[in-house]
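Colleague: My structure is stored as work-v2.txt, with compact mmCIF, C-alpha atoms.
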```
# COMPACT_ATOMS: atom_id res chain seq x y z
CA MET C 1 -14.10 -7.53 -7.89
CA ARG C 2 -13.46 -4.01 -6.58
CA LYS C 3 -10.33 -1.88 -6.81
CA VAL C 4 -9.43 0.59 -4.07
CA PHE C 5 -6.29 2.54 -3.17
CA GLU C 6 -4.77 4.37 -0.25
CA PRO C 7 -4.61 7.21 0.37
CA GLY C 8 -7.45 8.93 -1.42
CA PHE C 9 -10.03 6.35 -2.53
CA THR C 10 -13.05 8.04 -0.96
CA GLU C 11 -14.11 11.63 -1.58
CA LYS C 12 -12.89 12.72 1.87
CA GLY C 13 -9.79 10.58 1.42
CA ALA C 14 -9.00 12.46 -1.79
CA ALA C 15 -8.85 15.67 0.26
CA ILE C 16 -6.44 13.97 2.66
CA ARG C 17 -4.30 12.78 -0.26
CA LYS C 18 -4.02 16.35 -1.57
CA LEU C 19 -2.27 17.31 1.67
CA PHE C 20 0.46 14.73 0.97
CA VAL C 21 0.76 15.44 -2.72
CA ASN C 22 1.35 19.11 -2.01
CA ASP C 23 3.50 18.90 1.12
CA ALA C 24 6.01 16.16 1.95
CA THR C 25 7.18 18.05 5.04
CA LEU C 26 4.15 17.23 7.18
CA PRO C 27 5.36 15.99 10.57
CA THR C 28 5.38 12.22 10.98
CA ASP C 29 2.64 12.25 13.66
CA THR C 30 0.40 14.35 11.39
CA GLN C 31 1.00 11.94 8.51
CA THR C 32 0.20 8.99 10.76
CA LEU C 33 -3.14 10.46 11.86
CA LEU C 34 -4.13 11.55 8.35
CA LEU C 35 -3.27 8.19 6.79
CA TRP C 36 -5.23 6.34 9.44
CA ALA C 37 -8.18 8.70 8.94
CA ASP C 38 -8.07 7.87 5.24
CA ARG C 39 -7.79 4.16 6.02
CA ALA C 40 -10.84 4.38 8.30
CA LEU C 41 -12.84 5.95 5.46
CA THR C 42 -11.75 3.21 3.04
CA HIS C 43 -12.59 0.53 5.62
CA GLU C 44 -16.07 2.00 6.11
CA TYR C 45 -16.61 1.62 2.35
CA LEU C 46 -15.27 -1.95 2.46
CA ASP C 47 -17.39 -2.89 5.49
CA VAL C 48 -20.53 -1.96 3.54
CA LEU C 49 -19.23 -3.74 0.45
CA PHE C 50 -18.53 -6.98 2.36
CA GLU C 51 -22.02 -6.82 3.89
CA GLU C 52 -23.51 -6.59 0.40
CA ILE C 53 -21.11 -9.01 -1.35
CA PRO C 54 -19.41 -11.24 1.26
CA ASP C 55 -17.07 -13.06 -1.17
CA VAL C 56 -16.02 -10.03 -3.23
CA CYS C 57 -12.37 -9.84 -4.24
CA VAL C 58 -10.84 -6.48 -3.34
CA ILE C 59 -7.56 -5.30 -4.81
CA SER C 60 -5.96 -2.34 -3.09
CA ASP C 61 -3.08 -0.25 -4.34
CA ARG C 62 -1.26 0.31 -1.06
CA ASN C 63 -2.43 -0.53 2.43
CA TYR C 64 -1.21 -0.47 6.04
CA VAL C 65 2.09 -2.14 5.06
CA SER C 66 2.88 0.76 2.72
CA THR C 67 2.06 3.28 5.43
CA TYR C 68 4.18 1.54 8.01
CA VAL C 69 7.20 1.10 5.73
CA TYR C 70 6.97 4.70 4.51
CA GLN C 71 6.68 6.14 7.98
CA THR C 72 9.20 3.81 9.62
CA ALA C 73 11.86 3.48 6.91
CA LEU C 74 11.63 7.02 5.53
CA MET C 75 10.26 9.20 8.29
CA GLY C 76 11.83 7.49 11.31
CA GLY C 77 8.58 6.34 12.89
CA GLY C 78 7.94 7.55 16.39
CA PRO C 79 5.86 6.66 19.44
CA LEU C 80 2.48 7.62 17.90
CA ASN C 81 3.24 5.70 14.71
CA ASP C 82 4.30 2.62 16.69
CA ALA C 83 1.32 2.81 19.08
CA ILE C 84 -1.26 3.12 16.32
CA HIS C 85 0.25 0.39 14.18
CA ALA C 86 0.50 -1.91 17.21
CA ASN C 87 -3.02 -1.34 18.53
CA VAL C 88 -5.45 -0.42 15.76
CA PRO C 89 -7.31 -3.39 14.30
CA LEU C 90 -6.55 -3.86 10.63
CA MET C 91 -8.74 -5.15 7.88
CA PRO C 92 -6.82 -8.33 7.08
CA ALA C 93 -5.40 -8.96 3.65
CA ASP C 94 -5.08 -12.47 2.30
CA VAL C 95 -2.01 -11.54 0.29
CA ILE C 96 0.15 -8.48 -0.20
CA PHE C 97 2.27 -8.23 -3.33
CA ILE C 98 5.41 -6.14 -3.00
CA LEU C 99 7.16 -5.06 -6.15
CA ASP C 100 10.90 -5.43 -5.73
CA ALA C 101 13.30 -3.71 -8.12
CA PRO C 102 16.74 -2.15 -8.02
CA VAL C 103 16.80 1.60 -7.38
CA ASP C 104 17.81 2.44 -10.97
CA VAL C 105 14.81 0.53 -12.37
CA LEU C 106 12.46 2.20 -9.89
CA LEU C 107 13.75 5.67 -10.72
CA LYS C 108 13.60 5.05 -14.49
CA ARG C 109 9.95 3.94 -14.26
CA ALA C 110 9.08 6.84 -11.99
CA LYS C 111 10.41 9.36 -14.50
CA GLN C 112 7.94 7.94 -17.04
CA ARG C 113 4.95 8.61 -14.76
CA ALA C 114 3.23 11.88 -15.54
CA ASP C 115 1.35 11.89 -12.21
CA LEU C 116 4.59 12.45 -10.26
CA LYS C 117 5.07 15.99 -11.52
CA GLY C 118 4.48 18.22 -8.53
CA ASN C 119 3.71 15.22 -6.28
CA ALA C 120 5.77 15.97 -3.17
CA PHE C 121 4.65 12.78 -1.38
CA ASP C 122 5.87 10.30 -4.01
CA ASN C 123 8.87 12.43 -4.97
CA TYR C 124 10.04 12.35 -1.35
CA ALA C 125 9.86 8.57 -1.45
CA LEU C 126 11.81 8.47 -4.70
CA THR C 127 14.47 10.79 -3.30
CA ASN C 128 14.89 8.25 -0.51
CA ALA C 129 14.33 5.17 -2.67
CA VAL C 130 17.14 3.09 -1.17
CA ALA C 131 15.66 3.38 2.35
CA LEU C 132 12.18 2.68 1.02
CA ILE C 133 13.26 -0.46 -0.87
CA GLU C 134 15.17 -1.73 2.16
CA GLY C 135 12.09 -1.09 4.31
CA TYR C 136 9.90 -3.19 2.02
CA LYS C 137 12.47 -5.99 2.08
CA ARG C 138 12.23 -5.95 5.89
CA VAL C 139 8.43 -5.94 6.16
CA LYS C 140 8.33 -9.12 8.20
CA GLU C 141 10.85 -7.62 10.65
CA LEU C 142 9.20 -4.20 10.84
CA ILE C 143 5.61 -5.35 11.34
CA SER C 144 4.76 -7.72 14.14
CA PRO C 145 3.40 -11.15 13.21
CA ASP C 146 0.32 -10.33 15.32
CA LEU C 147 -0.55 -7.50 12.93
CA LEU C 148 0.18 -9.44 9.75
CA GLY C 149 -1.72 -12.50 10.97
CA ASP C 150 -2.17 -14.96 8.11
CA THR C 151 -1.38 -12.36 5.46
CA GLU C 152 1.03 -13.76 2.94
CA ILE C 153 3.73 -11.42 1.67
CA VAL C 154 4.72 -12.17 -1.93
CA TYR C 155 7.65 -10.35 -3.51
CA LEU C 156 7.51 -9.87 -7.28
CA ASP C 157 10.44 -9.11 -9.54
CA ALA C 158 9.51 -5.62 -10.72
CA THR C 159 12.14 -5.65 -13.44
CA LYS C 160 9.55 -7.60 -15.41
CA THR C 161 7.08 -5.84 -17.69
CA THR C 162 3.71 -4.72 -16.37
CA GLU C 163 2.06 -7.45 -18.45
CA GLU C 164 4.33 -10.12 -16.92
CA LEU C 165 3.61 -8.86 -13.41
CA VAL C 166 -0.14 -8.87 -13.98
CA GLU C 167 0.09 -12.39 -15.36
CA GLU C 168 2.05 -13.50 -12.29
CA VAL C 169 -0.48 -11.95 -9.90
CA VAL C 170 -3.47 -13.43 -11.75
CA TYR C 171 -1.78 -16.83 -11.78
CA TYR C 172 -1.10 -16.62 -8.05
CA LEU C 173 -4.64 -15.54 -7.21
CA SER C 174 -6.33 -18.10 -9.45
CA HIS C 175 -4.23 -20.93 -7.98
CA ASN C 176 -4.51 -19.92 -4.33
CA PHE C 177 -8.08 -18.70 -3.92
CA THR C 178 -10.99 -20.94 -4.74
CA ASN C 179 -13.57 -18.14 -4.67
CA MET C 180 -11.97 -16.23 -7.54
CA ASP C 181 -15.02 -16.08 -9.77
CA GLU C 182 -13.76 -12.99 -11.56
CA VAL C 183 -10.15 -12.48 -12.56
CA PRO C 184 -8.99 -8.86 -12.54
CA ASP C 185 -8.43 -7.10 -15.86
CA ALA C 186 -4.83 -6.50 -16.84
```
Is it possible to give me this structure as structure tokens?

Modeller:
Amino acid sequence: MRKVFEPGFTEKGAAIRKLFVNDATLPTDTQTLLLWADRALTHEYLDVLFEEIPDVCVISDRNYVSTYVYQTALMGGGPLNDAIHANVPLMPADVIFILDAPVDVLLKRAKQRADLKGNAFDNYALTNAVALIEGYKRVKELISPDLLGDTEIVYLDATKTTEELVEEVVYYLSHNFTNMDEVPDA
């Protein structure tokens, strides 16, 4: 099993992530291009990984769905955003888990995260949490079925504890994927 995240998993991607962390006012088109550059770097890493270990389980914190919801629901999208999301081939995901919680729960948890201090990117999302949550609830409307393909979208009740959520994800994975030879650590 491998764990990755977007944006910022690779060394060059980390430099891209710093742009977002320090400046939430980047124009939407700039964000779109930077996030896709980061995604390309992560996909290059994954391409090599899948060559070496074809059946490896990869868990990613955020992916193209997060980018699309953020840029569409929060930033208003735009022609470049729509064109790239409609035409760039995606590395398919078998399942995407979306954590669903009321705004007050989300904001309470966010205040407990030390990594948000000075993080303009995530703080912008929290300032606009209602729009973000509504965007995630509308993923299947926002993203064309052609892009999602066979990806299953699973909503989890994020009012549960972290331990309960991990248990739910592990249960789902172990009961839906026969090649799960290694269960992720909690």

Colleague: I'd like the interatomic distance between atom CA of C:Leu34 and atom CA of C:Phe5, to a tenth of an Å.

Modeller: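 These atoms are spaced 14.8 Å apart.
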
Colleague: By how many Å are atom CA of C:Lys160 and atom CA of C:Val21 apart?

Modeller: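 That distance, rounded to one decimal, is 27.7 Å.
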
Colleague: With distances taken over all atoms listed in the file, which of C:Asp23, C:Glu6, C:Glu134, C:Asp82 is nearest to C:Ser60?

Modeller: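 Among C:Asp23, C:Glu6, C:Glu134, C:Asp82, it is C:Glu6 that comes nearest to C:Ser60.
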
Colleague: Record the distance separating atom CA of C:Lys12 and atom CA of C:Asp29, expressed in Å with one decimal.

Modeller: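 Atom-to-atom, atom CA of C:Lys12 to atom CA of C:Asp29, that is 19.5 Å.
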
Colleague: Give one line per residue of stretch 34-114 of chain C that approaches stretch 171-176 of chain C to at most 12 Å, naming the two atoms of the closest pair and their distance in Å to one decimal, counting only C-alpha atoms; sort by chain then ascending residue number and deliver it as a tab-separated table.

Modeller:
```
residue	atom	partner	partner_atom	distance
C:Cys57	CA	C:Leu173	CA	10.1
C:Val58	CA	C:Leu173	CA	11.6
C:Ile59	CA	C:Leu173	CA	10.9
C:Asp94	CA	C:Asn176	CA	10.0
C:Val95	CA	C:Leu173	CA	8.9
C:Ile96	CA	C:Leu173	CA	11.0
C:Phe97	CA	C:Tyr172	CA	10.2
```

Colleague: Measuring atom to atom with all atoms listed in the file, identify which of C:Asp146, C:Asp122, C:Asp38, C:Glu141 is nearest to C:Val4.

Modeller: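 Closest to C:Val4, using all atoms listed in the file: C:Asp38.
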
Colleague: Closest to C:Leu46 among C:Val130, C:Met1, C:Ala110, C:Ala14, using all atoms listed in the file?

Modeller: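 Nearest candidate to C:Leu46 out of C:Val130, C:Met1, C:Ala110, C:Ala14: C:Met1.
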
Colleague: Closest to C:Glu44 among C:Gly13, C:Thr32, C:Asn123, C:Tyr64, using all atoms listed in the file?

Modeller: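 Closest candidate: C:Gly13.
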
Colleague: Which residues come within 9 Å of stretch 147-152 of chain C, counting all atoms listed in the file, excluding same-chain residues fewer than 4 positions away, as a list in words?

Modeller: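 The filter keeps Val65, His85, Ala86, Asn87, Pro89, Leu90, Pro92, Ala93, Asp94, Val95, Ile96, Phe97, Lys140 and Ile143 of chain C.
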
Colleague: Identify which of the residues C:Pro54, C:Pro145, C:Gly8, C:Gly135 lies closest to C:Met75, counting only C-alpha atoms when measuring atom-to-atom distances.

Modeller: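 Between C:Pro54, C:Pro145, C:Gly8, C:Gly135, the residue approaching C:Met75 most closely is C:Gly135.
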
Colleague: Looking at only C-alpha atoms, which of C:Glu164, C:Asn81, C:Arg2, C:Val103 is the one that sits closest to C:Ile53?

Modeller: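 Ranking C:Glu164, C:Asn81, C:Arg2, C:Val103 by distance to C:Ile53, first place goes to C:Arg2.
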
Colleague: N, CA and C atoms are what I want for stretch 53-78 of chain C; can you complete it accordingly and write them as an mmCIF file, keeping the file's coordinate frame?

Modeller:
```
data_model
loop_
_atom_site.group_PDB
_atom_site.id
_atom_site.type_symbol
_atom_site.label_atom_id
_atom_site.label_comp_id
_atom_site.auth_asym_id
_atom_site.auth_seq_id
_atom_site.Cartn_x
_atom_site.Cartn_y
_atom_site.Cartn_z
ATOM 1 N N ILE C 53 -21.717 -7.958 -0.526
ATOM 2 C CA ILE C 53 -21.110 -9.010 -1.350
ATOM 3 C C ILE C 53 -20.015 -9.684 -0.516
ATOM 4 N N PRO C 54 -20.366 -10.658 0.325
ATOM 5 C CA PRO C 54 -19.410 -11.240 1.260
ATOM 6 C C PRO C 54 -18.137 -11.828 0.620
ATOM 7 N N ASP C 55 -18.232 -12.398 -0.553
ATOM 8 C CA ASP C 55 -17.070 -13.060 -1.170
ATOM 9 C C ASP C 55 -16.372 -12.201 -2.226
ATOM 10 N N VAL C 56 -16.610 -10.895 -2.209
ATOM 11 C CA VAL C 56 -16.020 -10.030 -3.230
ATOM 12 C C VAL C 56 -14.494 -10.014 -3.084
ATOM 13 N N CYS C 57 -13.824 -9.978 -4.201
ATOM 14 C CA CYS C 57 -12.370 -9.840 -4.240
ATOM 15 C C CYS C 57 -12.054 -8.345 -4.299
ATOM 16 N N VAL C 58 -11.222 -7.881 -3.366
ATOM 17 C CA VAL C 58 -10.840 -6.480 -3.340
ATOM 18 C C VAL C 58 -9.335 -6.385 -3.579
ATOM 19 N N ILE C 59 -8.967 -5.562 -4.530
ATOM 20 C CA ILE C 59 -7.560 -5.300 -4.810
ATOM 21 C C ILE C 59 -7.288 -3.859 -4.435
ATOM 22 N N SER C 60 -6.287 -3.680 -3.568
ATOM 23 C CA SER C 60 -5.960 -2.340 -3.090
ATOM 24 C C SER C 60 -4.542 -1.974 -3.487
ATOM 25 N N ASP C 61 -4.399 -0.803 -4.068
ATOM 26 C CA ASP C 61 -3.080 -0.250 -4.340
ATOM 27 C C ASP C 61 -2.658 0.479 -3.081
ATOM 28 N N ARG C 62 -1.771 -0.121 -2.357
ATOM 29 C CA ARG C 62 -1.260 0.310 -1.060
ATOM 30 C C ARG C 62 -2.238 -0.055 0.049
ATOM 31 N N ASN C 63 -1.651 -0.248 1.235
ATOM 32 C CA ASN C 63 -2.430 -0.530 2.430
ATOM 33 C C ASN C 63 -1.572 -0.224 3.648
ATOM 34 N N TYR C 64 -1.923 -0.793 4.806
ATOM 35 C CA TYR C 64 -1.210 -0.470 6.040
ATOM 36 C C TYR C 64 0.279 -0.799 5.964
ATOM 37 N N VAL C 65 0.669 -1.803 5.193
ATOM 38 C CA VAL C 65 2.090 -2.140 5.060
ATOM 39 C C VAL C 65 2.835 -0.967 4.418
ATOM 40 N N SER C 66 2.249 -0.386 3.374
ATOM 41 C CA SER C 66 2.880 0.760 2.720
ATOM 42 C C SER C 66 3.039 1.921 3.694
ATOM 43 N N THR C 67 2.005 2.199 4.467
ATOM 44 C CA THR C 67 2.060 3.280 5.430
ATOM 45 C C THR C 67 3.165 3.038 6.446
ATOM 46 N N TYR C 68 3.201 1.837 6.969
ATOM 47 C CA TYR C 68 4.180 1.540 8.010
ATOM 48 C C TYR C 68 5.609 1.619 7.478
ATOM 49 N N VAL C 69 5.849 1.048 6.308
ATOM 50 C CA VAL C 69 7.200 1.100 5.730
ATOM 51 C C VAL C 69 7.581 2.545 5.445
ATOM 52 N N TYR C 70 6.679 3.294 4.830
ATOM 53 C CA TYR C 70 6.970 4.700 4.510
ATOM 54 C C TYR C 70 7.316 5.469 5.772
ATOM 55 N N GLN C 71 6.468 5.331 6.780
ATOM 56 C CA GLN C 71 6.680 6.140 7.980
ATOM 57 C C GLN C 71 7.832 5.640 8.841
ATOM 58 N N THR C 72 8.108 4.351 8.816
ATOM 59 C CA THR C 72 9.200 3.810 9.620
ATOM 60 C C THR C 72 10.536 3.943 8.898
ATOM 61 N N ALA C 73 10.590 3.485 7.641
ATOM 62 C CA ALA C 73 11.860 3.480 6.910
ATOM 63 C C ALA C 73 12.268 4.878 6.444
ATOM 64 N N LEU C 74 11.293 5.701 6.074
ATOM 65 C CA LEU C 74 11.630 7.020 5.530
ATOM 66 C C LEU C 74 11.535 8.143 6.553
ATOM 67 N N MET C 75 10.525 8.083 7.391
ATOM 68 C CA MET C 75 10.260 9.200 8.290
ATOM 69 C C MET C 75 10.782 8.964 9.717
ATOM 70 N N GLY C 76 11.279 7.765 9.994
ATOM 71 C CA GLY C 76 11.830 7.490 11.310
ATOM 72 C C GLY C 76 10.831 7.030 12.351
ATOM 73 N N GLY C 77 9.588 6.844 11.962
ATOM 74 C CA GLY C 77 8.580 6.340 12.890
ATOM 75 C C GLY C 77 8.321 7.302 14.029
ATOM 76 N N GLY C 78 8.205 6.746 15.196
ATOM 77 C CA GLY C 78 7.940 7.550 16.390
ATOM 78 C C GLY C 78 6.923 6.855 17.257
#
```
